[in-house]
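Structure data (CSV, C-alpha atoms) from query09.csv:
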```
chain,number,residue,atom,x,y,z
A,80,MET,CA,0.0,0.0,0.0
A,81,ARG,CA,1.5,3.2,-1.2
A,82,VAL,CA,1.3,6.3,1.1
A,83,PHE,CA,1.7,9.9,-0.3
A,84,PRO,CA,1.1,13.4,1.2
A,85,HIS,CA,-2.3,15.1,1.1
A,86,GLY,CA,-2.3,18.8,1.7
A,87,ASN,CA,-5.4,20.4,3.2
A,88,VAL,CA,-6.3,24.1,3.5
A,89,VAL,CA,-9.4,25.4,5.2
A,90,ASN,CA,-9.6,29.2,5.2
A,91,PHE,CA,-5.8,29.6,5.1
A,92,GLN,CA,-5.2,27.0,7.8
A,93,ALA,CA,-2.9,24.4,6.3
A,94,SER,CA,-2.2,20.8,7.3
A,95,VAL,CA,-0.8,17.7,5.7
A,96,ARG,CA,-1.6,14.0,6.3
A,97,GLU,CA,-0.9,10.6,4.9
A,98,MET,CA,-3.2,9.5,2.0
A,99,VAL,CA,-3.7,6.1,0.5
A,100,ALA,CA,-5.5,5.0,-2.7
A,101,ALA,CA,-8.7,3.8,-1.2
A,102,ASP,CA,-9.1,7.0,0.9
A,103,LEU,CA,-8.4,9.3,-2.0
A,104,GLU,CA,-10.9,7.4,-4.2
A,105,ARG,CA,-13.6,7.7,-1.5
A,106,LEU,CA,-12.8,11.4,-0.9
A,107,LEU,CA,-13.0,12.3,-4.6
A,108,ASN,CA,-16.1,10.3,-5.4
A,109,ARG,CA,-17.9,11.7,-2.3
A,110,ALA,CA,-17.0,15.2,-3.5
A,111,VAL,CA,-18.5,14.7,-7.0
A,112,LYS,CA,-21.4,12.4,-6.1
A,113,GLY,CA,-24.9,13.9,-6.5
A,114,ALA,CA,-23.6,17.3,-7.9
A,115,SER,CA,-22.3,18.4,-11.2
A,116,ALA,CA,-18.5,18.5,-10.8
A,117,LEU,CA,-16.0,19.7,-13.3
A,118,THR,CA,-12.6,18.2,-14.0
A,119,GLY,CA,-9.6,19.2,-16.1
A,120,THR,CA,-6.0,20.2,-15.6
A,121,ILE,CA,-4.3,23.3,-14.2
A,122,ASP,CA,-0.8,24.6,-14.8
A,123,ALA,CA,-0.4,27.8,-12.9
A,124,ASP,CA,3.2,28.3,-14.1
A,125,GLU,CA,2.1,28.2,-17.7
A,126,GLY,CA,-1.1,30.1,-16.9
A,127,LYS,CA,-3.3,27.3,-18.4
A,128,LEU,CA,-6.5,25.6,-17.3
A,129,LEU,CA,-8.0,22.9,-19.5
A,130,LEU,CA,-11.6,22.0,-18.8
A,131,TYR,CA,-12.2,18.3,-19.7
A,132,GLY,CA,-15.8,17.9,-18.7
A,133,ARG,CA,-18.2,16.8,-15.9
A,134,VAL,CA,-16.9,14.0,-13.6
A,135,ARG,CA,-18.8,10.8,-13.4
A,136,GLU,CA,-16.4,8.9,-11.2
A,137,VAL,CA,-12.8,8.3,-10.2
A,138,VAL,CA,-11.5,4.8,-10.1
A,139,ILE,CA,-8.1,3.9,-8.5
A,140,ASP,CA,-6.6,0.5,-8.9
A,141,GLU,CA,-3.3,0.4,-7.1
A,142,GLN,CA,-2.5,-3.2,-8.1
A,143,ALA,CA,-3.0,-2.4,-11.8
A,144,ASP,CA,-1.2,1.0,-11.4
A,145,ARG,CA,-4.2,2.8,-12.7
A,146,PHE,CA,-5.8,6.1,-11.8
A,147,ALA,CA,-8.9,6.8,-14.0
A,148,ILE,CA,-11.2,9.8,-14.2
A,149,ARG,CA,-14.4,9.1,-16.0
A,150,PHE,CA,-16.1,12.2,-17.3
A,151,ARG,CA,-18.6,13.5,-19.9
A,152,ASP,CA,-16.9,15.8,-22.4
A,153,MET,CA,-18.1,19.4,-22.3
A,154,GLU,CA,-18.0,19.8,-26.1
A,155,ASP,CA,-19.5,16.7,-27.6
A,156,ALA,CA,-21.1,15.1,-24.5
A,157,ALA,CA,-19.2,11.9,-25.1
A,158,ASP,CA,-18.1,9.7,-22.2
A,159,ARG,CA,-14.4,9.8,-21.9
A,160,GLU,CA,-11.7,8.6,-19.5
A,161,ALA,CA,-8.4,10.1,-18.5
A,162,VAL,CA,-6.0,7.5,-17.3
A,163,ARG,CA,-2.7,8.0,-15.5
A,164,SER,CA,-0.2,5.7,-13.7
A,165,PHE,CA,-1.1,5.6,-10.0
A,166,SER,CA,2.6,5.2,-9.2
A,167,ARG,CA,3.2,8.6,-10.7
A,168,LEU,CA,0.8,10.3,-8.3
A,169,SER,CA,3.0,12.6,-6.2
A,170,ILE,CA,0.6,14.5,-4.0
A,171,SER,CA,-3.1,15.3,-3.5
A,172,HIS,CA,-4.7,18.4,-2.1
A,173,GLU,CA,-8.1,19.8,-1.0
A,174,ALA,CA,-9.0,23.4,-0.4
A,175,HIS,CA,-12.0,24.7,1.4
A,176,PHE,CA,-12.7,28.4,1.6
A,177,ASP,CA,-15.7,30.6,2.7
A,178,ILE,CA,-16.0,32.9,-0.3
A,179,GLU,CA,-18.3,35.9,-1.0
A,180,ASP,CA,-20.2,34.9,-4.2
A,181,SER,CA,-21.9,37.7,-6.1
A,182,ASP,CA,-25.0,35.6,-6.7
A,183,ARG,CA,-25.2,33.4,-3.5
A,184,GLY,CA,-23.6,35.4,-0.7
A,185,THR,CA,-21.1,33.6,1.6
A,186,VAL,CA,-20.5,30.1,0.4
A,187,ARG,CA,-18.2,27.3,1.6
A,188,TYR,CA,-16.6,26.0,-1.6
A,189,SER,CA,-14.2,23.1,-2.1
A,190,VAL,CA,-11.8,22.1,-4.8
A,191,TYR,CA,-9.7,18.9,-4.9
A,192,TYR,CA,-6.4,18.4,-6.8
A,193,VAL,CA,-4.3,15.4,-7.7
A,194,THR,CA,-0.8,15.9,-9.1
A,195,PHE,CA,1.2,13.4,-11.2
A,196,GLU,CA,4.9,13.5,-12.1
A,197,GLY,CA,5.4,13.0,-15.8
A,198,GLU,CA,8.1,11.1,-17.6
A,199,ASP,CA,9.9,14.4,-18.2
A,200,GLU,CA,9.5,15.3,-14.5
A,201,GLU,CA,6.9,17.9,-15.5
A,202,GLU,CA,3.8,17.9,-13.2
A,203,GLU,CA,0.3,17.4,-14.4
A,204,THR,CA,-2.4,18.5,-11.9
A,205,PHE,CA,-6.1,17.5,-12.2
A,206,PHE,CA,-8.8,19.4,-10.4
A,207,PHE,CA,-12.3,18.4,-9.2
A,208,ALA,CA,-14.7,21.3,-8.5
A,209,GLY,CA,-18.5,21.7,-8.1
A,210,GLU,CA,-20.0,23.4,-11.1
A,211,LYS,CA,-23.0,25.1,-9.6
A,212,ALA,CA,-22.1,25.9,-6.0
A,213,VAL,CA,-20.6,29.2,-7.0
A,214,SER,CA,-21.1,31.5,-10.0
A,215,ARG,CA,-17.5,31.3,-11.2
A,216,PRO,CA,-16.1,27.9,-10.3
A,217,LEU,CA,-13.0,28.0,-12.5
A,218,ASP,CA,-11.9,31.3,-10.9
A,219,CYS,CA,-12.0,29.4,-7.6
A,220,VAL,CA,-10.0,26.5,-9.0
A,221,VAL,CA,-7.2,28.9,-10.0
A,222,ALA,CA,-7.3,31.0,-6.8
A,223,PHE,CA,-7.4,28.0,-4.5
A,224,TRP,CA,-4.5,26.3,-6.3
A,225,GLU,CA,-2.3,29.3,-5.5
A,226,GLN,CA,-3.1,28.8,-1.8
A,227,VAL,CA,-2.7,25.0,-1.6
A,228,ARG,CA,-0.2,24.0,-4.2
A,229,ASP,CA,2.9,24.0,-1.9
A,230,VAL,CA,1.2,22.5,1.2
A,231,GLY,CA,2.6,19.1,2.0
A,232,ARG,CA,5.4,19.0,-0.6
A,233,ASP,CA,8.0,18.9,2.1
A,234,ALA,CA,6.3,15.9,3.8
A,235,ASP,CA,7.9,12.4,3.3
A,236,PHE,CA,5.8,9.4,4.2
A,237,ALA,CA,8.0,7.0,2.4
A,238,SER,CA,9.8,5.7,5.5
A,239,SER,CA,8.2,2.9,7.5
A,240,GLY,CA,7.8,2.5,11.2
A,241,CYS,CA,7.8,5.1,13.9
A,242,ALA,CA,10.4,7.9,13.1
A,243,ALA,CA,9.9,9.9,16.3
A,244,LYS,CA,13.2,10.9,17.9
A,245,PHE,CA,11.7,12.4,21.1
A,246,ARG,CA,12.9,11.1,24.4
A,247,PRO,CA,11.7,12.4,27.8
A,248,ALA,CA,14.3,14.2,29.8
A,249,GLY,CA,16.5,11.8,31.8
A,250,LYS,CA,15.6,8.7,29.7
A,251,ARG,CA,18.2,6.9,27.6
```

Can the structure in the file be given as structure tokens, please?
Amino acid sequence: MRVFPHGNVVNFQASVREMVAADLERLLNRAVKGASALTGTIDADEGKLLLYGRVREVVIDEQADRFAIRFRDMEDAADREAVRSFSRLSISHEAHFDIEDSDRGTVRYSVYYVTFEGEDEEEETFFFAGEKAVSRPLDCVVAFWEQVRDVGRDADFASSGCAAKFRPAGKR
């Protein structure tokens, strides 16, 4: 079972925890279930956001080294699937902010991100965001990514066992 860092930001309060495939799959599917949710990729360094479509489900098969996003294409309404190697997943994030929406007032809005390291060591980050909870969801995807993108990148959960070095005073 592979463990990787998961950064979490709630109204600018950041934390990081261990994440595993089953928990990430459950988290993402719970986030998109019952609501129209958008997916695509974001590259803040290049200033690009590509909208793929509306998420149907996320399927992670660690044994088969497969991370699949099933979605309905925005342009032709065809069912599509974006597949990446699960072993290339480097970090996941979630961001929750209370925002002032021009149409809805104060709204708690959440965006989820999953980042993969490519063959060329370039990163590819997918986002998952509710389509109708706020009036401008893609603006939130970009703004939230700026707040969460570095959270957890310094965490290393690769070591096994307890790594605590603390010893009470006087104990050897």

Excluding range 83-85 of chain A and any residue of its chain fewer than 6 positions from it, enumerate the residues within 12 Å of it, using only C-alpha atoms, and give them as a compact mmCIF listing (two decimals) with C-alpha atoms, in the frame of the given file.
```txt
# COMPACT_ATOMS: atom_id res chain seq x y z
CA ALA A 93 -2.90 24.40 6.30
CA SER A 94 -2.20 20.80 7.30
CA VAL A 95 -0.80 17.70 5.70
CA ARG A 96 -1.60 14.00 6.30
CA GLU A 97 -0.90 10.60 4.90
CA MET A 98 -3.20 9.50 2.00
CA VAL A 99 -3.70 6.10 0.50
CA ALA A 100 -5.50 5.00 -2.70
CA ASP A 102 -9.10 7.00 0.90
CA LEU A 103 -8.40 9.30 -2.00
CA LEU A 106 -12.80 11.40 -0.90
CA PHE A 165 -1.10 5.60 -10.00
CA SER A 166 2.60 5.20 -9.20
CA ARG A 167 3.20 8.60 -10.70
CA LEU A 168 0.80 10.30 -8.30
CA SER A 169 3.00 12.60 -6.20
CA ILE A 170 0.60 14.50 -4.00
CA SER A 171 -3.10 15.30 -3.50
CA HIS A 172 -4.70 18.40 -2.10
CA GLU A 173 -8.10 19.80 -1.00
CA ALA A 174 -9.00 23.40 -0.40
CA TYR A 191 -9.70 18.90 -4.90
CA TYR A 192 -6.40 18.40 -6.80
CA VAL A 193 -4.30 15.40 -7.70
CA THR A 194 -0.80 15.90 -9.10
CA PHE A 195 1.20 13.40 -11.20
CA VAL A 227 -2.70 25.00 -1.60
CA ARG A 228 -0.20 24.00 -4.20
CA ASP A 229 2.90 24.00 -1.90
CA VAL A 230 1.20 22.50 1.20
CA GLY A 231 2.60 19.10 2.00
CA ARG A 232 5.40 19.00 -0.60
CA ASP A 233 8.00 18.90 2.10
CA ALA A 234 6.30 15.90 3.80
CA ASP A 235 7.90 12.40 3.30
CA PHE A 236 5.80 9.40 4.20
CA ALA A 237 8.00 7.00 2.40
CA SER A 238 9.80 5.70 5.50
```

Leaving out Ser164 in chain A and any residue of its chain fewer than 5 positions from it, which residues lie within 6 Å of it when counting all atoms listed in the file, given as an mmCIF file with C-alpha atoms, keeping the file's coordinate frame?
```
data_model
loop_
_atom_site.group_PDB
_atom_site.id
_atom_site.type_symbol
_atom_site.label_atom_id
_atom_site.label_comp_id
_atom_site.auth_asym_id
_atom_site.auth_seq_id
_atom_site.Cartn_x
_atom_site.Cartn_y
_atom_site.Cartn_z
ATOM 1 C CA ASP A 144 -1.200 1.000 -11.400
ATOM 2 C CA ARG A 145 -4.200 2.800 -12.700
ATOM 3 C CA PHE A 146 -5.800 6.100 -11.800
#
```

Close residues, Gly132 in chain A itself excluded, 9 Å, all atoms listed in the file, min 5 positions apart in chain, as an MDAnalysis selection string: chainID A and resid 116:119 150:154 156 159

Would you work out the distance separating CA of Asn90 in chain A from CA of Asp177 in chain A, expressed in Å to one decimal? 6.7 Å

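Closest approach to Glu210 in chain A among A:Ile139, A:Val190, A:Met80, A:Val89 is made by A:Val190 (distances from only C-alpha atoms).
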
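Every protein, DNA or RNA residue with an atom at most 7 Å from range 107-115 of chain A, where all atoms listed in the file count and chain neighbours fewer than 3 positions away do not, is listed here: A:Leu103, A:Glu104, A:Arg133, A:Val134, A:Glu136, A:Val137, A:Gly209, A:Glu210, A:Lys211.
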
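Distance annotation: of A:Phe223, A:Phe91, A:Ala157, A:Glu202, the residue with the minimal separation from Ser189 in chain A is A:Phe223; atom set is all atoms listed in the file.
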
Save range 105-178 of chain A of the structure in the block above to a file, with C-alpha atoms included, as a CSV table (one decimal), in the first residue's frame.
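Just written: decode10.csv:
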```
chain,number,residue,atom,x,y,z
A,105,ARG,CA,-13.6,7.7,-1.5
A,106,LEU,CA,-12.8,11.4,-0.9
A,107,LEU,CA,-13.0,12.3,-4.6
A,108,ASN,CA,-16.1,10.3,-5.4
A,109,ARG,CA,-17.9,11.7,-2.3
A,110,ALA,CA,-17.0,15.2,-3.5
A,111,VAL,CA,-18.5,14.7,-7.0
A,112,LYS,CA,-21.4,12.4,-6.1
A,113,GLY,CA,-24.9,13.9,-6.5
A,114,ALA,CA,-23.6,17.3,-7.9
A,115,SER,CA,-22.3,18.4,-11.2
A,116,ALA,CA,-18.5,18.5,-10.8
A,117,LEU,CA,-16.0,19.7,-13.3
A,118,THR,CA,-12.6,18.2,-14.0
A,119,GLY,CA,-9.6,19.2,-16.1
A,120,THR,CA,-6.0,20.2,-15.6
A,121,ILE,CA,-4.3,23.3,-14.2
A,122,ASP,CA,-0.8,24.6,-14.8
A,123,ALA,CA,-0.4,27.8,-12.9
A,124,ASP,CA,3.2,28.3,-14.1
A,125,GLU,CA,2.1,28.2,-17.7
A,126,GLY,CA,-1.1,30.1,-16.9
A,127,LYS,CA,-3.3,27.3,-18.4
A,128,LEU,CA,-6.5,25.6,-17.3
A,129,LEU,CA,-8.0,22.9,-19.5
A,130,LEU,CA,-11.6,22.0,-18.8
A,131,TYR,CA,-12.2,18.3,-19.7
A,132,GLY,CA,-15.8,17.9,-18.7
A,133,ARG,CA,-18.2,16.8,-15.9
A,134,VAL,CA,-16.9,14.0,-13.6
A,135,ARG,CA,-18.8,10.8,-13.4
A,136,GLU,CA,-16.4,8.9,-11.2
A,137,VAL,CA,-12.8,8.3,-10.2
A,138,VAL,CA,-11.5,4.8,-10.1
A,139,ILE,CA,-8.1,3.9,-8.5
A,140,ASP,CA,-6.6,0.5,-8.9
A,141,GLU,CA,-3.3,0.4,-7.1
A,142,GLN,CA,-2.5,-3.2,-8.1
A,143,ALA,CA,-3.0,-2.4,-11.8
A,144,ASP,CA,-1.2,1.0,-11.4
A,145,ARG,CA,-4.2,2.8,-12.7
A,146,PHE,CA,-5.8,6.1,-11.8
A,147,ALA,CA,-8.9,6.8,-14.0
A,148,ILE,CA,-11.2,9.8,-14.2
A,149,ARG,CA,-14.4,9.1,-16.0
A,150,PHE,CA,-16.1,12.2,-17.3
A,151,ARG,CA,-18.6,13.5,-19.9
A,152,ASP,CA,-16.9,15.8,-22.4
A,153,MET,CA,-18.1,19.4,-22.3
A,154,GLU,CA,-18.0,19.8,-26.1
A,155,ASP,CA,-19.5,16.7,-27.6
A,156,ALA,CA,-21.1,15.1,-24.5
A,157,ALA,CA,-19.2,11.9,-25.1
A,158,ASP,CA,-18.1,9.7,-22.2
A,159,ARG,CA,-14.4,9.8,-21.9
A,160,GLU,CA,-11.7,8.6,-19.5
A,161,ALA,CA,-8.4,10.1,-18.5
A,162,VAL,CA,-6.0,7.5,-17.3
A,163,ARG,CA,-2.7,8.0,-15.5
A,164,SER,CA,-0.2,5.7,-13.7
A,165,PHE,CA,-1.1,5.6,-10.0
A,166,SER,CA,2.6,5.2,-9.2
A,167,ARG,CA,3.2,8.6,-10.7
A,168,LEU,CA,0.8,10.3,-8.3
A,169,SER,CA,3.0,12.6,-6.2
A,170,ILE,CA,0.6,14.5,-4.0
A,171,SER,CA,-3.1,15.3,-3.5
A,172,HIS,CA,-4.7,18.4,-2.1
A,173,GLU,CA,-8.1,19.8,-1.0
A,174,ALA,CA,-9.0,23.4,-0.4
A,175,HIS,CA,-12.0,24.7,1.4
A,176,PHE,CA,-12.7,28.4,1.6
A,177,ASP,CA,-15.7,30.6,2.7
A,178,ILE,CA,-16.0,32.9,-0.3
```
